[in-house]
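K.L.:
Here's a structure for you.
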Amino acid sequence: MLSKRQVKELVLYSPQHIARLEAAGKFPKRVQLGSNRVGWVEEEVLDWLRARIDARDASQDTP
């Protein structure tokens with residue numbers, strides 16, 4: 001599990017922007033771990049990052 005701070009460091013977005021992406025269904029959903037604690041599944045966040053990289057690479061292959 002990744003904390004909010006760890007997710008912010010990985011994706012370089014503010015917590016507010018991450019929340020907007022989540023609400024729009026464009027970022028992995030957080031998991032409620034306790035009454036005041038949330039986390040993100042590390043593999044889901046890494047998959048999201050990989051998809052962004054793959055999309056970038058695919059657009060570079062297209063003339």
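In the structure tokens, the first chain shown is A, the next is B, and so on; residue numbers restart at 1 for each chain, and ligands run from 1 in the order shown.
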Met1 in chain A: which residues within 6 Å, counting only C-alpha atoms, same-chain residues fewer than 5 positions away excluded, as a compact mmCIF listing (two decimals) with N, CA, C and O atoms, in the first residue's frame?
P.N.:
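File written: part28.txt
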# COMPACT_ATOMS: atom_id res chain seq x y z
N GLY A 39 -5.04 4.49 1.55
CA GLY A 39 -3.85 4.09 0.82
C GLY A 39 -4.25 3.68 -0.58
O GLY A 39 -5.43 3.53 -0.90
N TRP A 40 -3.26 3.53 -1.44
CA TRP A 40 -3.48 3.08 -2.81
C TRP A 40 -2.70 1.80 -3.02
O TRP A 40 -1.59 1.65 -2.51
N VAL A 41 -3.26 0.89 -3.79
CA VAL A 41 -2.58 -0.36 -4.10
C VAL A 41 -1.41 -0.02 -5.03
O VAL A 41 -1.60 0.56 -6.10
N GLU A 42 -0.21 -0.35 -4.58
CA GLU A 42 1.00 0.04 -5.32
C GLU A 42 0.97 -0.44 -6.77
O GLU A 42 1.29 0.31 -7.69
K.L.:
Hey, what's within 10 Å of Leu49 in chain A if we count only C-alpha atoms and toss same-chain stuff fewer than 6 positions away? As an MDAnalysis selection string, please?
P.N.:
chainID A and resid 10:11 27 43 55
K.L.:
With only C-alpha atoms as the counted atoms, please give the residues lying no more than 8 Å from Trp48 in chain A, apart from itself and same-chain residues fewer than 3 positions off, as a list in words.
P.N.:
Phe27, Pro28, Glu44, Val45, Ala51 and Arg52 of chain A
K.L.:
Show which residues sit within 12 Å of Pro15 in chain A, as a list in words. Count only C-alpha atoms, and ignore same-chain residues fewer than 3 positions away.
P.N.:
Ser3, Lys4, Arg5, Gln6, Val7, Lys8, Glu9, Leu10, Val11, Leu12, Ile18, Ala19, Arg20, Leu21, Glu22, Phe27 and Arg30 of chain A
K.L.:
Among chain A, which residues does DSSP mark as strand (DSSP E or B) when it is run on the backbone? Keep the chain and numbering as in the structure and answer as a list in words.
P.N.:
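Reading the DSSP output for chain A, strand (DSSP E or B) covers Leu2, Val31, Gln32, Leu33, Gly34, Arg37, Val38, Gly39 and Trp40 of chain A.
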K.L.:
Mind listing the helix (DSSP H, G or I) residues of chain A, per DSSP on the backbone, as a ChimeraX atom specification?
P.N.:
/A:4-11,15-23,42-61
